[in-house]
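Here is the file target_18.cif (mmCIF, C-alpha atoms).
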```
data_work
loop_
_atom_site.label_atom_id
_atom_site.label_comp_id
_atom_site.auth_asym_id
_atom_site.auth_seq_id
_atom_site.Cartn_x
_atom_site.Cartn_y
_atom_site.Cartn_z
CA MET A 31 16.58 -15.52 -13.14
CA ARG A 32 16.60 -11.84 -14.03
CA GLY A 33 14.21 -10.08 -16.37
CA ILE A 34 13.59 -6.50 -17.44
CA VAL A 35 10.07 -5.23 -18.02
CA LEU A 36 9.77 -1.97 -19.96
CA VAL A 37 6.50 -0.23 -19.22
CA ALA A 38 4.55 0.69 -22.35
CA VAL A 39 0.84 0.16 -21.79
CA ALA A 40 -2.35 2.10 -22.35
CA ALA A 41 -3.58 4.35 -19.58
CA CYS A 42 -6.79 3.71 -17.68
CA GLY A 43 -8.66 5.71 -15.09
CA GLY A 44 -8.16 9.44 -14.78
CA ALA A 45 -10.74 11.89 -13.52
CA SER A 46 -13.51 9.99 -11.80
CA SER A 47 -17.25 10.47 -12.25
CA GLU A 48 -17.97 7.85 -9.60
CA PRO A 49 -20.00 8.83 -6.53
CA PRO A 50 -17.80 9.64 -3.55
CA VAL A 51 -17.19 7.32 -0.64
CA SER A 52 -16.88 8.62 2.89
CA ALA A 53 -13.83 8.57 5.14
CA ILE A 54 -14.53 7.73 8.76
CA PRO A 55 -12.06 9.06 11.36
CA GLN A 56 -10.86 6.25 13.63
CA LEU A 57 -8.20 8.04 15.69
CA GLN A 58 -7.13 11.66 16.09
CA VAL A 59 -3.88 12.74 17.72
CA ALA A 60 -2.48 16.21 18.38
CA SER A 61 0.84 15.28 16.84
CA GLY A 62 2.58 15.59 13.52
CA GLY A 63 3.58 12.53 11.54
CA GLU A 64 5.22 13.86 8.40
CA VAL A 65 7.94 11.17 8.28
CA GLY A 66 5.84 8.11 9.09
CA VAL A 67 3.62 6.21 11.51
CA VAL A 68 4.53 2.87 13.11
CA GLU A 69 1.70 0.79 14.57
CA LEU A 70 2.53 -1.31 17.66
CA GLY A 71 -0.66 -3.08 18.65
CA ASP A 72 -2.32 -0.83 21.24
CA SER A 73 0.00 2.11 20.54
CA ILE A 74 1.58 4.01 17.67
CA VAL A 75 4.75 6.02 17.20
CA ALA A 76 4.28 9.09 14.99
CA PHE A 77 7.51 10.44 13.52
CA ASP A 78 7.59 14.14 12.71
CA ARG A 79 10.74 15.80 11.39
CA THR A 80 12.40 16.45 14.74
CA THR A 81 10.21 14.63 17.28
CA ALA A 82 8.57 11.22 17.53
CA SER A 83 5.45 10.85 19.68
CA VAL A 84 4.39 7.64 21.41
CA VAL A 85 0.59 7.52 21.44
CA ARG A 86 -1.62 5.17 23.44
CA ASP A 87 -5.44 5.34 23.43
CA GLY A 88 -5.22 8.61 21.53
CA VAL A 89 -3.04 10.25 24.20
CA ILE A 90 0.61 11.19 23.76
CA VAL A 91 2.53 9.42 26.53
CA ALA A 92 6.07 10.32 25.44
CA ARG A 93 7.95 12.53 23.00
CA VAL A 94 11.39 11.60 21.68
CA VAL A 95 13.63 14.16 20.02
CA ALA A 96 15.91 13.02 17.19
CA PRO A 97 19.16 11.91 18.85
CA THR A 98 21.71 14.25 17.29
CA VAL A 99 22.08 17.98 17.90
CA GLY A 100 19.96 19.70 15.29
CA GLY A 101 19.04 16.25 14.02
CA ARG A 102 15.92 15.02 12.32
CA TRP A 103 14.05 11.84 11.61
CA ASP A 104 14.42 10.83 7.96
CA MET A 105 12.52 7.52 7.74
CA ALA A 106 10.49 5.21 9.98
CA ALA A 107 9.38 1.59 9.87
CA GLY A 108 8.01 -1.15 12.10
CA LEU A 109 10.53 -4.02 12.04
CA VAL A 110 10.02 -7.49 13.46
CA ALA A 111 13.15 -7.84 15.60
CA PRO A 112 15.08 -10.88 16.90
CA ASP A 113 12.91 -10.98 20.05
CA GLY A 114 9.80 -11.47 17.90
CA ALA A 115 8.31 -8.08 18.77
CA THR A 116 7.67 -5.25 16.33
CA TRP A 117 10.04 -2.36 16.95
CA ALA A 118 9.42 1.25 16.04
CA ILE A 119 12.60 2.12 14.17
CA GLY A 120 13.61 5.60 13.08
CA LEU A 121 16.47 6.60 10.80
CA SER A 122 18.41 9.66 11.93
CA ALA A 123 21.87 10.79 10.79
CA ASN A 124 22.37 7.43 8.97
CA ARG A 125 21.82 5.39 12.14
CA LEU A 126 18.89 3.27 13.27
CA TRP A 127 17.22 3.96 16.61
CA ARG A 128 14.48 2.11 18.43
CA ILE A 129 11.76 3.95 20.30
CA THR A 130 10.26 1.66 22.95
CA PRO A 131 6.55 1.70 23.88
CA SER A 132 7.53 3.64 27.02
CA GLY A 133 9.36 6.30 24.99
CA GLU A 134 12.97 5.25 25.59
CA LEU A 135 15.51 5.75 22.80
CA GLU A 136 17.93 2.89 22.05
CA PRO A 137 20.56 2.41 19.31
CA ALA A 138 19.36 -0.52 17.19
CA GLY A 139 22.24 -1.32 14.83
CA ASP A 140 23.93 -3.99 16.95
CA ARG A 141 20.72 -5.84 17.79
CA LEU A 142 19.66 -5.82 14.14
CA GLY A 143 23.01 -7.22 13.05
CA ILE A 144 24.42 -4.22 11.19
CA GLY A 145 26.62 -2.68 13.90
CA ASP A 146 27.52 0.95 13.24
CA ALA A 147 27.20 0.72 9.45
CA ARG A 148 25.81 3.83 7.77
CA VAL A 149 22.17 3.32 6.81
CA LEU A 150 20.57 4.86 3.73
CA SER A 151 17.08 3.37 3.77
CA ILE A 152 14.73 1.00 5.60
CA ALA A 153 11.46 -0.78 4.80
CA ALA A 154 9.36 -3.51 6.40
CA ALA A 155 6.18 -5.54 5.92
CA GLY A 156 5.07 -8.29 8.28
CA SER A 157 8.14 -10.28 9.32
CA THR A 158 10.21 -9.12 6.33
CA PHE A 159 12.51 -6.13 6.56
CA ALA A 160 15.27 -4.59 4.46
CA ILE A 161 18.02 -2.13 5.33
CA GLY A 162 20.02 -0.30 2.68
CA LEU A 163 23.63 0.30 3.70
CA GLU A 164 26.46 2.02 1.90
CA GLY A 165 27.48 -0.67 -0.58
CA ALA A 166 25.20 -3.47 0.63
CA LEU A 167 21.65 -4.56 1.27
CA VAL A 168 20.66 -6.48 4.41
CA ALA A 169 17.32 -8.26 4.55
CA SER A 170 15.47 -10.71 6.75
CA ARG A 171 12.37 -12.85 6.25
CA ASP A 172 11.81 -13.55 9.95
CA GLY A 173 13.58 -10.83 11.95
CA VAL A 174 16.29 -13.28 13.03
CA HIS A 175 18.23 -14.61 10.05
CA LEU A 176 19.97 -11.99 7.91
CA MET A 177 20.69 -12.09 4.19
CA ARG A 178 23.44 -9.79 2.92
CA PHE A 179 23.72 -8.67 -0.70
CA ALA A 180 27.17 -7.13 -1.15
CA GLY A 181 27.59 -4.42 -3.74
CA VAL A 182 23.86 -3.68 -3.95
CA ALA A 183 23.08 0.02 -3.70
CA ALA A 184 19.67 0.60 -2.11
CA PRO A 185 18.93 4.32 -1.71
CA HIS A 186 15.17 3.66 -1.59
CA LEU A 187 13.35 0.51 -0.50
CA ALA A 188 9.91 -1.05 -0.24
CA ALA A 189 9.09 -4.40 1.34
CA ALA A 190 6.48 -7.13 1.12
CA LYS A 191 6.32 -10.66 2.48
CA ASP A 192 9.57 -12.33 1.29
CA ARG A 193 10.16 -9.56 -1.28
CA VAL A 194 12.13 -6.35 -1.46
CA ALA A 195 11.92 -3.60 -4.07
CA ILE A 196 15.03 -1.47 -4.63
CA TRP A 197 14.35 1.82 -6.33
CA ARG A 198 17.18 3.64 -8.13
CA GLY A 199 16.14 6.48 -10.42
CA ASN A 200 13.78 5.04 -13.03
CA THR A 201 14.66 1.41 -12.24
CA ILE A 202 12.88 -0.76 -9.69
CA GLU A 203 14.52 -4.12 -8.93
CA VAL A 204 12.38 -6.65 -7.07
CA LEU A 205 14.15 -9.42 -5.15
CA ASP A 206 12.41 -12.64 -4.16
CA LEU A 207 14.08 -13.46 -0.85
CA ALA A 208 12.61 -16.96 -0.78
CA GLY A 209 13.30 -18.09 -4.34
CA GLY A 210 16.16 -15.81 -5.37
CA ALA A 211 14.54 -14.44 -8.54
CA ARG A 212 15.14 -10.85 -9.59
CA VAL A 213 12.94 -8.76 -11.89
CA GLU A 214 13.51 -5.18 -13.03
CA TYR A 215 10.84 -2.67 -14.00
CA VAL A 216 11.66 0.62 -15.72
CA VAL A 217 9.29 3.54 -15.14
CA ASP A 218 10.13 7.01 -16.39
CA GLY A 219 10.04 9.53 -13.55
CA ALA A 220 9.40 6.99 -10.78
CA SER A 221 8.72 8.85 -7.53
CA TYR A 222 7.02 6.24 -5.32
CA VAL A 223 7.39 2.47 -4.85
CA GLY A 224 5.31 0.21 -2.62
CA PHE A 225 3.40 -3.06 -2.56
CA ARG A 226 -0.32 -3.72 -2.62
CA ASP A 227 -1.31 -6.48 -0.14
CA ALA A 228 2.25 -6.37 1.17
CA ALA A 229 1.72 -8.79 4.04
CA SER A 230 0.14 -11.48 1.84
CA ASP A 231 1.52 -14.20 -0.43
CA HIS A 232 0.27 -12.33 -3.51
CA ALA A 233 1.74 -8.84 -3.10
CA HIS A 234 1.85 -6.64 -6.21
CA VAL A 235 4.42 -3.93 -6.94
CA VAL A 236 3.05 -0.38 -7.13
CA VAL A 237 5.10 2.38 -8.79
CA GLY A 238 4.05 6.02 -8.92
CA SER A 239 5.21 8.92 -11.07
CA ALA A 240 4.06 12.53 -11.35
CA ARG A 241 1.23 11.57 -13.70
CA ASP A 242 0.55 7.83 -13.35
CA VAL A 243 0.46 4.86 -11.01
CA TYR A 244 1.60 1.44 -12.25
CA VAL A 245 0.32 -1.74 -10.62
CA GLN A 246 1.84 -5.16 -11.26
CA GLU A 247 -0.53 -7.54 -13.00
CA ARG A 248 0.58 -10.87 -14.49
CA GLY A 249 4.25 -9.92 -14.38
CA ALA A 250 3.88 -6.53 -16.09
CA LEU A 251 2.86 -3.09 -14.89
CA ARG A 252 -0.54 -1.66 -15.79
CA ARG A 253 -0.83 2.11 -15.90
CA THR A 254 -3.60 4.28 -14.48
CA SER A 255 -3.44 8.07 -14.62
CA ILE A 256 -3.50 10.05 -11.38
CA PRO A 257 -4.06 13.68 -10.47
CA LYS A 258 -0.89 15.52 -11.43
CA ASN A 259 1.80 15.43 -8.72
CA ALA A 260 -0.48 13.68 -6.23
CA GLN A 261 1.08 11.91 -3.25
CA LEU A 262 0.63 8.15 -3.24
CA THR A 263 0.58 5.52 -0.52
CA VAL A 264 -0.61 1.92 -0.28
CA SER A 265 -2.63 0.49 2.60
CA GLY A 266 -3.40 -3.21 2.35
CA SER A 267 -5.17 -3.56 -1.00
CA THR A 268 -6.04 0.15 -1.31
CA ILE A 269 -3.97 2.74 -3.19
CA TRP A 270 -4.55 6.28 -1.95
CA ALA A 271 -3.76 9.60 -3.63
CA LEU A 272 -3.74 13.06 -2.07
CA ASP A 273 -4.01 15.83 -4.65
CA GLY A 274 -3.64 19.12 -2.82
CA GLU A 275 -6.60 18.87 -0.45
CA SER A 276 -8.49 16.08 -2.27
CA LEU A 277 -8.17 12.45 -1.13
CA GLN A 278 -8.99 9.60 -3.53
CA ALA A 279 -8.86 5.80 -3.39
CA LEU A 280 -8.12 3.53 -6.34
CA ASP A 281 -10.49 0.63 -6.90
CA HIS A 282 -9.76 -1.49 -10.00
CA HIS A 283 -8.31 1.38 -12.09
CA THR A 284 -11.07 3.79 -11.05
CA TRP A 285 -10.36 6.67 -8.67
CA LEU A 286 -13.10 7.13 -6.09
CA PRO A 287 -13.29 10.59 -4.48
CA VAL A 288 -13.22 10.39 -0.69
CA THR A 289 -15.22 12.87 1.37
CA GLY A 290 -14.64 13.77 5.00
CA ALA A 291 -10.83 13.77 4.88
CA SER A 292 -9.87 16.98 3.10
CA GLY A 293 -6.84 19.12 3.81
CA ALA A 294 -3.31 19.48 2.50
CA GLY A 295 -0.71 17.38 4.29
CA ARG A 296 1.03 14.02 4.06
CA ILE A 297 -0.46 10.54 3.79
CA HIS A 298 0.93 7.23 5.07
CA GLY A 299 -0.36 3.71 4.65
CA SER A 300 -1.55 1.33 7.33
CA ALA A 301 -1.50 -2.46 7.17
CA SER A 302 -5.17 -2.33 8.18
CA GLY A 303 -6.10 -0.71 4.87
CA ASP A 304 -6.74 2.65 6.54
CA VAL A 305 -4.78 5.79 5.72
CA TRP A 306 -3.02 8.25 8.00
CA LEU A 307 -3.37 11.94 7.11
CA THR A 308 -1.14 14.41 8.91
CA ARG A 309 -1.38 18.17 8.62
CA ARG A 310 -0.66 21.14 10.88
CA SER A 311 0.46 19.01 13.86
CA LYS A 312 -2.66 16.87 13.66
CA LEU A 313 -2.69 13.18 12.78
CA VAL A 314 -5.89 11.33 11.82
CA ARG A 315 -6.44 7.72 10.76
CA TYR A 316 -9.30 7.27 8.33
CA SER A 317 -11.09 4.17 7.08
CA LEU A 318 -13.34 3.98 4.04
CA GLY A 319 -17.05 3.96 4.70
CA VAL A 320 -19.21 1.47 2.83
CA SER A 321 -21.49 2.99 0.18
CA THR A 322 -25.13 2.00 -0.17
CA ASP A 323 -24.38 0.58 -3.62
CA GLU A 324 -21.63 -1.63 -2.22
CA VAL A 325 -23.92 -2.94 0.51
CA ALA A 326 -26.48 -3.89 -2.13
CA TRP A 327 -23.79 -5.48 -4.30
CA GLN A 328 -22.52 -7.58 -1.39
CA ALA A 329 -26.04 -8.77 -0.60
CA VAL A 330 -27.30 -9.43 -4.13
CA VAL A 331 -24.46 -9.74 -6.64
CA ALA A 332 -21.55 -11.17 -4.66
CA PRO A 333 -23.23 -14.55 -3.95
CA VAL A 334 -24.16 -14.94 -7.64
CA PHE A 335 -20.64 -13.94 -8.67
CA GLU A 336 -19.17 -16.69 -6.49
CA ARG A 337 -21.52 -19.30 -7.96
CA ALA A 338 -21.44 -18.36 -11.63
CA CYS A 339 -18.65 -15.89 -12.46
CA ALA A 340 -15.69 -16.27 -10.10
CA GLY A 341 -14.02 -19.04 -12.10
CA CYS A 342 -13.12 -16.59 -14.86
CA HIS A 343 -13.62 -13.09 -13.50
CA ARG A 344 -11.49 -12.87 -10.37
CA ALA A 345 -8.44 -10.58 -10.42
CA GLY A 346 -5.92 -12.32 -12.69
CA GLY A 347 -8.56 -14.79 -13.92
CA SER A 348 -8.69 -16.39 -17.35
CA ALA A 349 -11.15 -13.81 -18.72
CA ASP A 350 -8.72 -10.92 -18.06
CA PHE A 351 -11.76 -8.91 -16.93
CA ASP A 352 -11.96 -8.51 -13.17
CA LEU A 353 -15.48 -8.32 -11.73
CA SER A 354 -14.69 -9.22 -8.13
CA THR A 355 -15.71 -5.89 -6.53
CA ALA A 356 -18.70 -3.57 -6.45
CA ALA A 357 -16.65 -0.81 -8.09
CA ALA A 358 -15.76 -3.06 -11.03
CA TRP A 359 -19.45 -3.87 -11.63
CA SER A 360 -20.38 -0.21 -11.34
CA VAL A 361 -17.77 0.88 -13.88
CA SER A 362 -18.74 -1.92 -16.31
CA ARG A 363 -22.48 -1.84 -15.59
CA ALA A 364 -23.58 -1.14 -19.19
CA SER A 365 -21.50 -3.89 -20.80
CA VAL A 366 -22.34 -6.44 -18.10
CA LYS A 367 -26.05 -5.59 -18.39
CA ARG A 368 -25.87 -6.20 -22.14
CA VAL A 369 -24.17 -9.62 -22.00
CA VAL A 370 -26.34 -10.83 -19.13
CA GLY A 371 -29.47 -9.62 -20.91
CA ASN A 372 -28.65 -11.27 -24.24
CA ARG A 373 -27.53 -14.43 -22.39
CA THR A 374 -24.03 -14.55 -23.88
CA MET A 375 -22.71 -14.52 -20.31
CA PRO A 376 -22.10 -16.64 -18.41
CA PRO A 377 -20.81 -18.66 -21.39
CA PRO A 378 -22.00 -22.17 -22.28
CA GLY A 379 -20.78 -24.65 -19.71
CA SER A 380 -21.12 -22.15 -16.86
CA PRO A 381 -24.71 -22.64 -15.72
CA ILE A 382 -26.64 -19.96 -13.90
CA SER A 383 -30.08 -20.43 -12.39
CA ASP A 384 -33.06 -18.37 -13.50
CA ALA A 385 -33.25 -16.88 -10.00
CA ASP A 386 -29.59 -15.79 -10.09
CA ARG A 387 -29.96 -14.27 -13.56
CA ALA A 388 -33.07 -12.39 -12.45
CA ALA A 389 -31.21 -11.07 -9.39
CA LEU A 390 -28.38 -9.77 -11.58
CA GLU A 391 -30.77 -8.18 -14.07
CA ALA A 392 -32.66 -6.43 -11.26
CA TRP A 393 -29.46 -5.03 -9.73
CA LEU A 394 -28.10 -3.95 -13.12
CA ALA A 395 -31.36 -2.18 -13.97
CA LYS A 396 -31.06 0.24 -11.02
#
```
As C-alpha cells, how would this structure be written, given the file I've shared?
Amino acid sequence: MRGIVLVAVAACGGASSEPPVSAIPQLQVASGGEVGVVELGDSIVAFDRTTASVVRDGVIVARVVAPTVGGRWDMAAGLVAPDGATWAIGLSANRLWRITPSGELEPAGDRLGIGDARVLSIAAAGSTFAIGLEGALVASRDGVHLMRFAGVAAPHLAAAKDRVAIWRGNTIEVLDLAGGARVEYVVDGASYVGFRDAASDHAHVVVGSARDVYVQERGALRRTSIPKNAQLTVSGSTIWALDGESLQALDHHTWLPVTGASGAGRIHGSASGDVWLTRRSKLVRYSLGVSTDEVAWQAVVAPVFERACAGCHRAGGSADFDLSTAAAWSVSRASVKRVVGNRTMPPPGSPISDADRAALEAWLAK
C-alpha cells in the first residue's frame, strides 16, 4: 500500500519561555567528529573529514586516515554485520570501509553483500541498516539477510527498526521492511530526516527544514517551528537543535533551552538519548540534567497520572492531548489546573481519589 501525505498543519512551539535544563558532560575527547560518531560498546569511532579516531576510555588509541589520496570521510554509521557485531562503517569515495576497534581499515563491500558497487548513502538503527547504491537500495533487518530494491534511488537515508526513510528533495518515502508498506511525506525545503525512538517498535519519522521540524503523529506530520537554520539531530526520544551557539531540546512541541553546552559546531545523535557536540577538534557527549520541577513531577504527579489519566492522555491517546511528561504539564499548567479544580477532569467514569486530586492541586498551585 502506498500513500502520500501532504503536510499542511498549524505550527506549534517557537521561542521558548521555559526554564533551561542543564547539559552534563559525560565524555570529552580531543578529536573532531564533524562527519559522525559510531558507538561500539566500550569505545567510539569519531569521523572527522579526513581522519577517524578510535577512542577508548576517553583516550585516542588509533587514528585512521581516509583511504584515498586526498580523500575524505563523507558519512558514518554503526552497522550490525553478518558476524553479529556492530561495525564502524565509513563512506569514502563511494566505497564502504570498516574501522576495527584496534584501528585497522578494511574494505567492507564484499562482507556486506554489495561487492564493489558505488555507494551513495548509508544509515543504521539497531539491527536494521540501509545502503543506497547507484540505481538500487539494499537493506537488512538483521545484518545477515539482504533485501534489494532495484531502481530505487536513495541519495539520502535514515533508518529505524524495520523501517527505512529515503529522502529525495522535498519527498520522504518510508519503507516498512517487515510489512512492505510504503508511505510518502512531502515537506517543502526538507533538509534533515531521522527517526525518534529509532530502535523501538514505535519509531516516528522526523523531518526538518530551515524553519520547522515535523514529527510523525498518527500517520501525519505535526509541525513545530525551530530557530531559523538550526541544525537538527535525534537521540532516542529527544530532538536536539543547535542554533549558532545555542543548544535546545524539544519536549512535546516545546523547545527547552539547554545550558552548559554552548559553542558553534556540529551535533550528532546517540542511541542513549545523549547528544554529541563537536567543535574546534573537541568532541563532547552531553546528557540532559533533571530539573527540580521534573523531580517533583515524577514524585507527585506521575503516580497519579498512571492511576487516573494515562488511559486517555498518553502520547497518541484517545484524548489527543498528551500529558505524559513533566514538560507537557508545565506548558499546560493553567488549563489543567482549571479542569482539575472545577472537577470536569478526570471525566465521569474515571475515578480519582480525594488524596490524588489534592496532590495534583497542590503541585499545580506552585
Applied to the shown file, which residues does the PyMOL selection byres ((chain A and resi 257) around 9) return, written as number ranges by chain?
-> A: 44-45, 240-242, 255-256, 258-260, 271-273
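Residue membership of the PyMOL selection byres ((chain A and resi 353-369) around 7) in the shown file amounts to Asp281, His282, Glu324, Trp327, His343, Arg344, Ala345, Phe351, Asp352, Val370, Gly371, Asn372, Arg373, Thr374, Met375, Glu391 and Leu394 of chain A.
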Evaluate the PyMOL selection byres ((chain A and resi 189-200) around 9) and record the selected residues as a short mmCIF file (atom, residue, chain, number, x, y, z; two decimals) with C-alpha atoms, in the coordinates of the input, following the chain and residue labels used in the document.
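Written file, out37.cif:
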```
data_model
loop_
_atom_site.label_atom_id
_atom_site.label_comp_id
_atom_site.auth_asym_id
_atom_site.auth_seq_id
_atom_site.Cartn_x
_atom_site.Cartn_y
_atom_site.Cartn_z
CA ILE A 152 14.73 1.00 5.60
CA ALA A 153 11.46 -0.78 4.80
CA ALA A 154 9.36 -3.51 6.40
CA ALA A 155 6.18 -5.54 5.92
CA GLY A 156 5.07 -8.29 8.28
CA SER A 157 8.14 -10.28 9.32
CA THR A 158 10.21 -9.12 6.33
CA PHE A 159 12.51 -6.13 6.56
CA ALA A 160 15.27 -4.59 4.46
CA GLY A 162 20.02 -0.30 2.68
CA ALA A 169 17.32 -8.26 4.55
CA SER A 170 15.47 -10.71 6.75
CA ARG A 171 12.37 -12.85 6.25
CA ALA A 183 23.08 0.02 -3.70
CA ALA A 184 19.67 0.60 -2.11
CA PRO A 185 18.93 4.32 -1.71
CA HIS A 186 15.17 3.66 -1.59
CA LEU A 187 13.35 0.51 -0.50
CA ALA A 188 9.91 -1.05 -0.24
CA THR A 201 14.66 1.41 -12.24
CA ILE A 202 12.88 -0.76 -9.69
CA GLU A 203 14.52 -4.12 -8.93
CA VAL A 204 12.38 -6.65 -7.07
CA LEU A 205 14.15 -9.42 -5.15
CA ASP A 206 12.41 -12.64 -4.16
CA LEU A 207 14.08 -13.46 -0.85
CA ALA A 208 12.61 -16.96 -0.78
CA GLY A 209 13.30 -18.09 -4.34
CA TYR A 215 10.84 -2.67 -14.00
CA VAL A 216 11.66 0.62 -15.72
CA VAL A 217 9.29 3.54 -15.14
CA ASP A 218 10.13 7.01 -16.39
CA GLY A 219 10.04 9.53 -13.55
CA ALA A 220 9.40 6.99 -10.78
CA SER A 221 8.72 8.85 -7.53
CA TYR A 222 7.02 6.24 -5.32
CA VAL A 223 7.39 2.47 -4.85
CA GLY A 224 5.31 0.21 -2.62
CA PHE A 225 3.40 -3.06 -2.56
CA ARG A 226 -0.32 -3.72 -2.62
CA ASP A 227 -1.31 -6.48 -0.14
CA ALA A 228 2.25 -6.37 1.17
CA ALA A 229 1.72 -8.79 4.04
CA SER A 230 0.14 -11.48 1.84
CA ASP A 231 1.52 -14.20 -0.43
CA HIS A 232 0.27 -12.33 -3.51
CA ALA A 233 1.74 -8.84 -3.10
CA HIS A 234 1.85 -6.64 -6.21
CA VAL A 235 4.42 -3.93 -6.94
#
```
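Near (20.9, 18.1, 17.3), the residues that fall inside 12 Å on the basis of only C-alpha atoms are Arg79, Thr80, Thr81, Val95, Ala96, Pro97, Thr98, Val99, Gly100, Gly101, Arg102, Trp103, Ser122 and Ala123 of chain A.
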Could the residues of range 100-179 of chain A that have an atom at most 10 Å from range 83-93 of chain A be listed as JSON lines, each with its closest atom pair and the distance in Å to one decimal, counting all atoms listed in the file and ordered by chain and ascending residue number?
```
{"residue": "A:Ala118", "atom": "CA", "partner": "A:Val84", "partner_atom": "CA", "distance": 9.7}
{"residue": "A:Ile129", "atom": "CA", "partner": "A:Val84", "partner_atom": "CA", "distance": 8.3}
{"residue": "A:Thr130", "atom": "CA", "partner": "A:Val84", "partner_atom": "CA", "distance": 8.5}
{"residue": "A:Pro131", "atom": "CA", "partner": "A:Val84", "partner_atom": "CA", "distance": 6.8}
{"residue": "A:Ser132", "atom": "CA", "partner": "A:Ala92", "partner_atom": "CA", "distance": 7.0}
{"residue": "A:Gly133", "atom": "CA", "partner": "A:Ala92", "partner_atom": "CA", "distance": 5.2}
{"residue": "A:Glu134", "atom": "CA", "partner": "A:Ala92", "partner_atom": "CA", "distance": 8.6}
```
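Residue nearest His298 in chain A, chosen from A:Gln261, A:Thr284, A:Asn124, A:Ser311 and counting all atoms listed in the file: A:Gln261.
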Restricting the calculation to only C-alpha atoms, which member of A:Ile119, A:Val94, A:Leu318, A:Val331 is positioned closest to Ala53 in chain A?
-> A:Leu318
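Picture a line from CA of Val65 in chain A to CA of Thr268 in chain A; it runs 20.2 Å.
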Shortest contact to Gly238 in chain A, candidates A:Ile269, A:Trp306, A:Val213, A:Lys396, atoms counted all atoms listed in the file, goes to A:Ile269
Between CA of Ala106 in chain A and CA of Ser267 in chain A, what is the distance, to one decimal in Å?
-> 21.0 Å
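Considering all atoms listed in the file, the residue among A:Arg296, A:Arg128, A:Lys312, A:Arg252 positioned nearest to Asp140 in chain A is A:Arg128.
The smallest atom-to-atom distance between Gly299 in chain A and any of A:Pro376, A:Gly266, A:Gly274, A:Pro137, using all atoms listed in the file, is found for A:Gly266.
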